[in-house]
file target_9.cif (mmCIF, C-alpha atoms (C1' of nucleotides))
data_entry
loop_
_atom_site.label_atom_id
_atom_site.label_comp_id
_atom_site.auth_asym_id
_atom_site.auth_seq_id
_atom_site.Cartn_x
_atom_site.Cartn_y
_atom_site.Cartn_z
CA MET V 1 -0.20 -2.09 -7.81
CA CYS V 2 -2.63 -0.03 -5.86
CA GLY V 3 -0.02 2.49 -4.77
CA ARG V 4 -2.18 5.62 -4.90
CA TYR V 5 -5.84 6.12 -4.17
CA THR V 6 -8.55 8.58 -3.21
CA LEU V 7 -10.94 9.13 -0.32
CA ARG V 8 -13.06 12.20 -0.91
CA THR V 9 -16.35 10.95 0.55
CA GLU V 10 -17.70 12.85 3.53
CA LEU V 11 -16.84 11.35 6.90
CA LYS V 12 -20.48 11.34 7.91
CA LEU V 13 -21.50 9.28 4.90
CA LEU V 14 -18.66 6.82 5.50
CA ALA V 15 -19.82 6.43 9.10
CA GLU V 16 -23.32 5.58 7.87
CA LEU V 17 -22.13 3.16 5.21
CA TYR V 18 -19.58 1.34 7.33
CA GLY V 19 -21.19 1.61 10.73
CA PHE V 20 -18.32 3.02 12.74
CA GLN V 21 -18.88 5.14 15.82
CA PRO V 22 -19.17 8.85 15.10
CA ILE V 23 -15.86 10.55 15.67
CA SER V 24 -14.44 13.93 15.05
CA LEU V 25 -11.09 14.14 13.42
CA PRO V 26 -9.56 16.47 10.88
CA TRP V 27 -11.13 15.44 7.60
CA THR V 28 -10.29 16.73 4.17
CA PRO V 29 -11.12 15.11 0.86
CA ARG V 30 -8.08 13.23 -0.41
CA TYR V 31 -7.32 12.87 -4.10
CA ASN V 32 -3.82 11.46 -3.84
CA ILE V 33 -3.14 9.21 -0.88
CA ALA V 34 0.41 7.87 -1.12
CA PRO V 35 2.48 5.24 0.73
CA THR V 36 3.67 6.34 4.21
CA GLN V 37 0.68 8.66 4.52
CA LEU V 38 -2.32 8.05 6.76
CA VAL V 39 -5.13 5.78 5.60
CA ALA V 40 -8.64 5.53 7.04
CA ALA V 41 -9.13 2.06 8.51
CA VAL V 42 -12.24 0.50 10.05
CA ARG V 43 -11.46 -1.86 12.93
CA LEU V 44 -13.48 -3.51 15.64
CA SER V 45 -13.33 -2.04 19.13
CA ALA V 46 -11.37 -3.95 21.76
CA ASP V 47 -14.47 -5.76 22.99
CA ALA V 48 -15.57 -6.36 19.40
CA SER V 49 -18.89 -4.68 20.08
CA SER V 50 -18.53 -1.80 17.66
CA ARG V 51 -16.59 -0.48 14.72
CA GLU V 52 -14.12 2.37 14.92
CA LEU V 53 -12.32 4.48 12.37
CA ASP V 54 -8.61 5.14 12.79
CA MET V 55 -5.90 6.73 10.73
CA LEU V 56 -2.96 4.35 10.20
CA ARG V 57 0.31 4.68 8.34
CA TRP V 58 0.20 3.05 4.92
CA GLY V 59 3.10 0.58 4.86
CA LEU V 60 3.03 -2.17 7.41
CA ALA V 61 5.76 -2.31 10.05
CA PRO V 62 5.90 -5.81 11.60
CA SER V 63 5.74 -5.72 15.38
CA TRP V 64 9.11 -7.46 15.64
CA ALA V 65 10.93 -5.07 13.33
CA LYS V 66 13.77 -3.24 15.07
CA GLU V 67 13.10 -0.17 12.98
CA ILE V 68 10.31 1.07 10.80
CA PRO V 69 11.28 -0.30 7.40
CA LYS V 70 12.82 2.34 5.16
CA GLY V 71 12.81 2.27 1.42
CA ARG V 72 9.93 0.50 -0.24
CA PRO V 73 7.12 0.30 2.31
CA MET V 74 5.02 -2.86 2.56
CA ILE V 75 1.90 -1.31 1.10
CA ASN V 76 0.52 -4.59 -0.29
CA ALA V 77 0.29 -8.22 0.80
CA ARG V 78 -0.47 -11.06 -1.57
CA ALA V 79 -3.70 -12.90 -0.79
CA ASP V 80 -2.23 -16.24 -1.80
CA THR V 81 0.58 -16.14 0.75
CA VAL V 82 -0.64 -13.75 3.43
CA ALA V 83 -1.66 -16.58 5.78
CA GLU V 84 1.85 -18.02 5.79
CA LYS V 85 4.34 -15.19 5.47
CA PRO V 86 5.94 -14.33 8.82
CA THR V 87 5.44 -10.63 8.16
CA PHE V 88 1.66 -10.89 7.76
CA ARG V 89 0.56 -14.15 9.38
CA ALA V 90 -0.20 -12.83 12.85
CA ALA V 91 -2.04 -9.79 11.53
CA PHE V 92 -3.99 -12.01 9.17
CA LYS V 93 -5.28 -14.01 12.11
CA ARG V 94 -6.16 -11.20 14.48
CA ARG V 95 -5.67 -7.75 13.00
CA ARG V 96 -7.79 -7.42 9.91
CA CYS V 97 -9.30 -4.10 8.87
CA LEU V 98 -11.15 -2.32 6.10
CA ILE V 99 -9.30 0.42 4.29
CA LEU V 100 -11.80 2.89 2.93
CA ALA V 101 -11.46 4.34 -0.57
CA ASP V 102 -13.55 5.64 -3.43
CA GLY V 103 -11.11 5.15 -6.28
CA PHE V 104 -7.50 4.31 -7.04
CA TYR V 105 -4.90 4.94 -9.70
CA GLU V 106 -3.09 2.58 -12.02
CA TRP V 107 -0.44 3.46 -14.57
CA HIS V 108 -0.74 2.03 -18.05
CA GLN V 109 2.60 1.58 -19.69
CA ASP V 110 3.59 0.89 -23.28
CA GLU V 111 6.74 1.55 -25.32
CA GLU V 112 6.52 5.33 -25.25
CA THR V 113 4.08 6.29 -22.56
CA LYS V 114 3.13 5.74 -18.98
CA GLU V 115 -0.27 7.20 -18.27
CA PRO V 116 -2.20 7.26 -15.02
CA TYR V 117 -5.81 6.06 -14.99
CA TYR V 118 -8.40 6.57 -12.32
CA ILE V 119 -10.42 3.49 -11.40
CA ARG V 120 -13.66 3.65 -9.47
CA MET V 121 -17.08 2.10 -9.10
CA ARG V 122 -19.52 2.91 -11.89
CA ASP V 123 -22.01 4.16 -9.30
CA GLU V 124 -19.19 6.19 -7.69
CA ARG V 125 -19.81 4.71 -4.28
CA PRO V 126 -16.96 4.29 -1.83
CA PHE V 127 -15.67 0.79 -1.16
CA ALA V 128 -13.74 -1.19 1.42
CA MET V 129 -10.41 -2.79 0.66
CA ALA V 130 -9.23 -5.77 2.70
CA GLY V 131 -6.38 -4.70 4.95
CA LEU V 132 -4.17 -5.78 7.82
CA TRP V 133 -2.81 -3.62 10.57
CA GLU V 134 0.00 -3.94 13.07
CA HIS V 135 1.15 -2.21 16.23
CA TRP V 136 4.84 -1.39 16.38
CA ASP V 137 6.45 -0.39 19.68
CA LYS V 138 10.21 -0.69 19.29
CA GLY V 139 11.02 2.99 19.09
CA PRO V 140 10.37 6.24 20.91
CA GLN V 141 7.10 6.70 19.03
CA PRO V 142 4.75 3.73 18.72
CA LEU V 143 3.19 3.30 15.30
CA GLU V 144 0.07 1.73 13.90
CA SER V 145 0.42 0.79 10.27
CA ALA V 146 -1.54 -1.05 7.61
CA THR V 147 -1.27 -2.84 4.29
CA ILE V 148 -3.74 -3.57 1.46
CA ILE V 149 -4.25 -7.14 0.27
CA THR V 150 -3.96 -7.85 -3.46
CA THR V 151 -5.39 -10.65 -5.55
CA ALA V 152 -5.65 -11.69 -9.21
CA PRO V 153 -7.08 -8.99 -11.48
CA ASN V 154 -10.47 -8.98 -13.14
CA GLU V 155 -10.52 -8.35 -16.90
CA LEU V 156 -10.55 -4.59 -16.59
CA MET V 157 -7.71 -4.50 -14.10
CA ALA V 158 -5.69 -6.99 -16.10
CA LYS V 159 -5.21 -4.24 -18.69
CA PHE V 160 -2.99 -2.56 -16.14
CA HIS V 161 -1.54 -5.19 -13.88
CA HIS V 162 -1.44 -8.75 -12.75
CA ARG V 163 -2.74 -7.78 -9.34
CA MET V 164 -5.64 -5.76 -7.99
CA PRO V 165 -6.71 -4.76 -4.48
CA VAL V 166 -9.23 -6.99 -2.72
CA ILE V 167 -12.55 -5.15 -2.49
CA LEU V 168 -15.11 -6.45 0.01
CA ASP V 169 -18.85 -5.95 -0.27
CA PRO V 170 -20.63 -5.42 3.08
CA ASP V 171 -21.41 -9.10 3.79
CA LEU V 172 -17.84 -10.13 3.20
CA ALA V 173 -16.56 -7.16 5.15
CA ASP V 174 -18.49 -8.43 8.18
CA VAL V 175 -16.74 -11.77 7.93
CA TRP V 176 -13.36 -10.17 7.34
CA LEU V 177 -13.63 -8.16 10.58
CA ASP V 178 -15.04 -11.04 12.65
CA PRO V 179 -12.44 -11.77 15.35
CA GLY V 180 -13.99 -15.19 15.94
CA ILE V 181 -12.70 -16.30 12.58
CA GLU V 182 -9.03 -17.15 12.40
CA GLU V 183 -8.91 -20.03 9.95
CA PRO V 184 -7.37 -19.34 6.55
CA GLU V 185 -9.90 -21.74 5.03
CA GLU V 186 -12.66 -19.37 6.06
CA LEU V 187 -10.89 -16.13 5.21
CA LEU V 188 -9.02 -16.83 2.00
CA PRO V 189 -12.20 -17.39 -0.07
CA LEU V 190 -13.10 -13.74 0.56
CA LEU V 191 -10.01 -12.51 -1.23
CA LYS V 192 -11.30 -12.68 -4.78
CA PRO V 193 -11.24 -10.26 -7.74
CA TYR V 194 -14.11 -7.79 -7.68
CA PRO V 195 -16.67 -7.97 -10.55
CA GLU V 196 -15.38 -5.80 -13.37
CA GLU V 197 -18.90 -4.84 -14.53
CA GLN V 198 -19.17 -2.59 -11.50
CA MET V 199 -15.89 -0.78 -12.18
CA GLU V 200 -14.68 1.75 -14.70
CA ALA V 201 -11.35 3.31 -15.67
CA TYR V 202 -10.46 6.55 -17.42
CA VAL V 203 -7.24 8.34 -18.20
CA VAL V 204 -6.22 11.30 -16.04
CA SER V 205 -3.43 13.86 -16.18
CA ALA V 206 0.02 13.27 -14.77
CA ARG V 207 -0.80 15.44 -11.78
CA VAL V 208 -1.25 12.39 -9.60
CA ASN V 209 2.40 11.49 -10.15
CA HIS V 210 3.33 14.29 -7.79
CA VAL V 211 2.56 13.31 -4.23
CA LYS V 212 2.14 16.95 -3.25
CA ASP V 213 -0.68 17.42 -5.75
CA ASP V 214 -3.73 16.41 -3.75
CA SER V 215 -6.21 18.41 -5.81
CA PRO V 216 -9.56 17.46 -7.39
CA GLN V 217 -7.89 17.85 -10.78
CA CYS V 218 -6.09 14.57 -10.13
CA ILE V 219 -9.28 12.69 -10.98
CA GLU V 220 -10.50 14.90 -13.84
CA PRO V 221 -10.76 13.04 -17.14
CA TRP V 222 -7.80 14.05 -19.23
CA LYS V 223 -8.76 15.35 -22.66
CA ASP V 224 -6.55 14.09 -25.41
CA GLY V 225 -7.38 16.59 -28.13
CA LYS V 226 -11.12 15.98 -28.26
CA ALA V 227 -12.36 12.82 -26.68
CA GLU V 228 -11.56 11.74 -23.20
CA ARG V 229 -10.31 8.22 -23.19
CA THR V 230 -11.90 5.42 -21.27
CA PHE V 231 -11.55 1.77 -21.97
CA ASP V 232 -12.71 1.31 -25.50
CA TRP V 233 -9.41 -0.15 -26.65
"C1'" DC P 1 23.40 -23.79 18.90
"C1'" DC P 2 23.31 -18.64 16.81
"C1'" DA P 3 22.56 -15.41 12.88
"C1'" DG P 4 19.77 -13.46 9.75
"C1'" DA P 5 15.67 -12.93 7.29
"C1'" DC P 6 11.04 -11.76 7.44
"C1'" DG P 7 7.81 -8.01 1.45
"C1'" DT P 8 5.80 -6.45 -3.13
"C1'" DT P 9 6.20 -4.85 -7.60
"C1'" DG P 10 8.37 -5.44 -11.80
"C1'" DT P 11 12.27 -6.81 -14.37
"C1'" DT P 12 15.85 -9.96 -15.78
"C1'" DG T 1 21.07 2.35 -10.86
"C1'" DT T 2 19.24 2.60 -6.14
"C1'" DC T 3 17.48 4.56 -2.15
"C1'" DT T 4 14.47 7.78 0.41
"C1'" DG T 5 10.43 10.57 1.09
"C1'" DG T 6 5.71 11.42 0.49
"C1'" DC K 1 2.91 4.22 -6.61
"C1'" DC K 2 6.26 8.24 -8.56
"C1'" DA K 3 9.75 12.00 -7.81
"C1'" DG K 4 13.98 13.36 -6.50
"C1'" DA K 5 18.29 12.77 -4.52
"C1'" DC K 6 22.52 10.62 -4.78
"C1'" DG K 7 28.60 14.26 -1.16
"C1'" DT K 8 32.30 16.36 1.62
"C1'" DT K 9 34.96 19.93 3.49
"C1'" DG K 10 34.91 24.18 5.13
"C1'" DT K 11 32.89 28.63 5.49
"C1'" DT K 12 29.14 31.77 6.55
"C1'" DG E 1 8.05 -13.46 17.14
"C1'" DT E 2 9.29 -17.46 14.13
"C1'" DC E 3 11.53 -19.80 10.55
"C1'" DT E 4 15.59 -21.08 7.76
"C1'" DG E 5 20.40 -21.81 6.91
"C1'" DG E 6 24.74 -23.03 8.43
#
call {"tool": "encode", "arguments": {"input": "target_9.cif", "output": "structure tokens"}}
result
Amino acid sequence: MCGRYTLRTELKLLAELYGFQPISLPWTPRYNIAPTQLVAAVRLSADASSRELDMLRWGLAPSWAKEIPKGRPMINARADTVAEKPTFRAAFKRRRCLILADGFYEWHQDEETKEPYYIRMRDERPFAMAGLWEHWDKGPQPLESATIITTAPNELMAKFHHRMPVILDPDLADVWLDPGIEEPEELLPLLKPYPEEQMEAYVVSARVNHVKDDSPQCIEPWKDGKAERTFDW
DNA sequence: CCAGACGTTGTT
DNA sequence: GTCTGG
DNA sequence: CCAGACGTTGTT
DNA sequence: GTCTGG
């Protein structure tokens, strides 16, 4: 779940909304961010005085790993076990981040079909997903990587999956980034399903299936004959 | 003591 | 089927 | 997450 | 690195 998403909001607007220091980096709207690619992550500066935006590899590589894990990257971490699992525990305590997005894709599967849907906020605002990051230094090239935390789905998301990404409103995001907080009892309550009333889902074309297709058409409502389908079923 | 795993999703 | 690449 | 490859020897 | 299994 949550294995593809979008970030097409202007960098300047993201900086205003999430309060990170202005930076200049190559910025293009993304309509199809896939595992192993770079994700935009908000972290606190070393002295915790300000927020910074960095691009991290999606798929967490534990610091102790001899090699960057091949095969299925660790793109998600379960909220219910993240405080205990050796792979995530240390990052959960000290290396939390916000992964910025403005929509994501889920595939709805039945007997015959598997159709991608685009899920976003009804007001189309960007949002922050709860993430963890890690620094890996066991090879010639050091790597900073990240993973997105998942939780139980709200009713809308349950139509697709039994998990959904943790989305943090600004107040909770502040807590999530606070380096003074390390106790699971304080952090785990943040990792709840997001209110479904604020979200919407509509079917899109199969373009998104192809990682190389990073075009605006990925999020265009897909017309099935006449009516575009949303969730009225 | 050392060796080997360390994850999620979905599927069985 | 399973693994790798994006 | 999905798509695409999945192999060797020998020759160019 | 840390935990589990043997």
call {"tool": "interface_residues", "arguments": {"input": "target_9.cif", "of": "chain E", "to": "chain V", "cutoff": "12 Å", "atoms": "all atoms listed in the file", "output": "MDAnalysis selection string"}}
result
chainID E and resid 1:4
call {"tool": "interface_residues", "arguments": {"input": "target_9.cif", "of": "chain V", "to": "chain K", "cutoff": "7 Å", "atoms": "all atoms listed in the file", "output": "ChimeraX atom specification"}}
result
/V:3-4,209-210
call {"tool": "resolve_selection", "arguments": {"input": "target_9.cif", "expression": "the PyMOL selection byres ((chain V and resi 56) around 9)", "output": "ChimeraX atom specification"}}
result
/V:37-41,54-55,57-59,133,143-146
call {"tool": "resolve_selection", "arguments": {"input": "target_9.cif", "expression": "the PyMOL selection byres ((chain V and resi 212) around 10)", "output": "MDAnalysis selection string"}}
result
(chainID V and resid 32:34 207:211 213:215) or (chainID T and resid 6)
call {"tool": "resolve_selection", "arguments": {"input": "target_9.cif", "expression": "the PyMOL selection byres ((chain V and resi 71) around 9)", "output": "list in words"}}
result
Pro69, Lys70, Arg72 and Pro73 of chain V; DC3, DT4 and DG5 of chain T
call {"tool": "residues_around", "arguments": {"input": "target_9.cif", "residues": "V:Pro153", "least_positions_apart": "2", "cutoff": "7 Å", "atoms": "all atoms listed in the file", "output": "short mmCIF file (atom, residue, chain, number, x, y, z; two decimals) with C-alpha atoms, in the coordinates of the input"}}
result
data_model
loop_
_atom_site.label_atom_id
_atom_site.label_comp_id
_atom_site.auth_asym_id
_atom_site.auth_seq_id
_atom_site.Cartn_x
_atom_site.Cartn_y
_atom_site.Cartn_z
CA THR V 151 -5.39 -10.65 -5.55
CA GLU V 155 -10.52 -8.35 -16.90
CA MET V 157 -7.71 -4.50 -14.10
CA ALA V 158 -5.69 -6.99 -16.10
CA HIS V 162 -1.44 -8.75 -12.75
CA ARG V 163 -2.74 -7.78 -9.34
CA MET V 164 -5.64 -5.76 -7.99
CA PRO V 193 -11.24 -10.26 -7.74
#
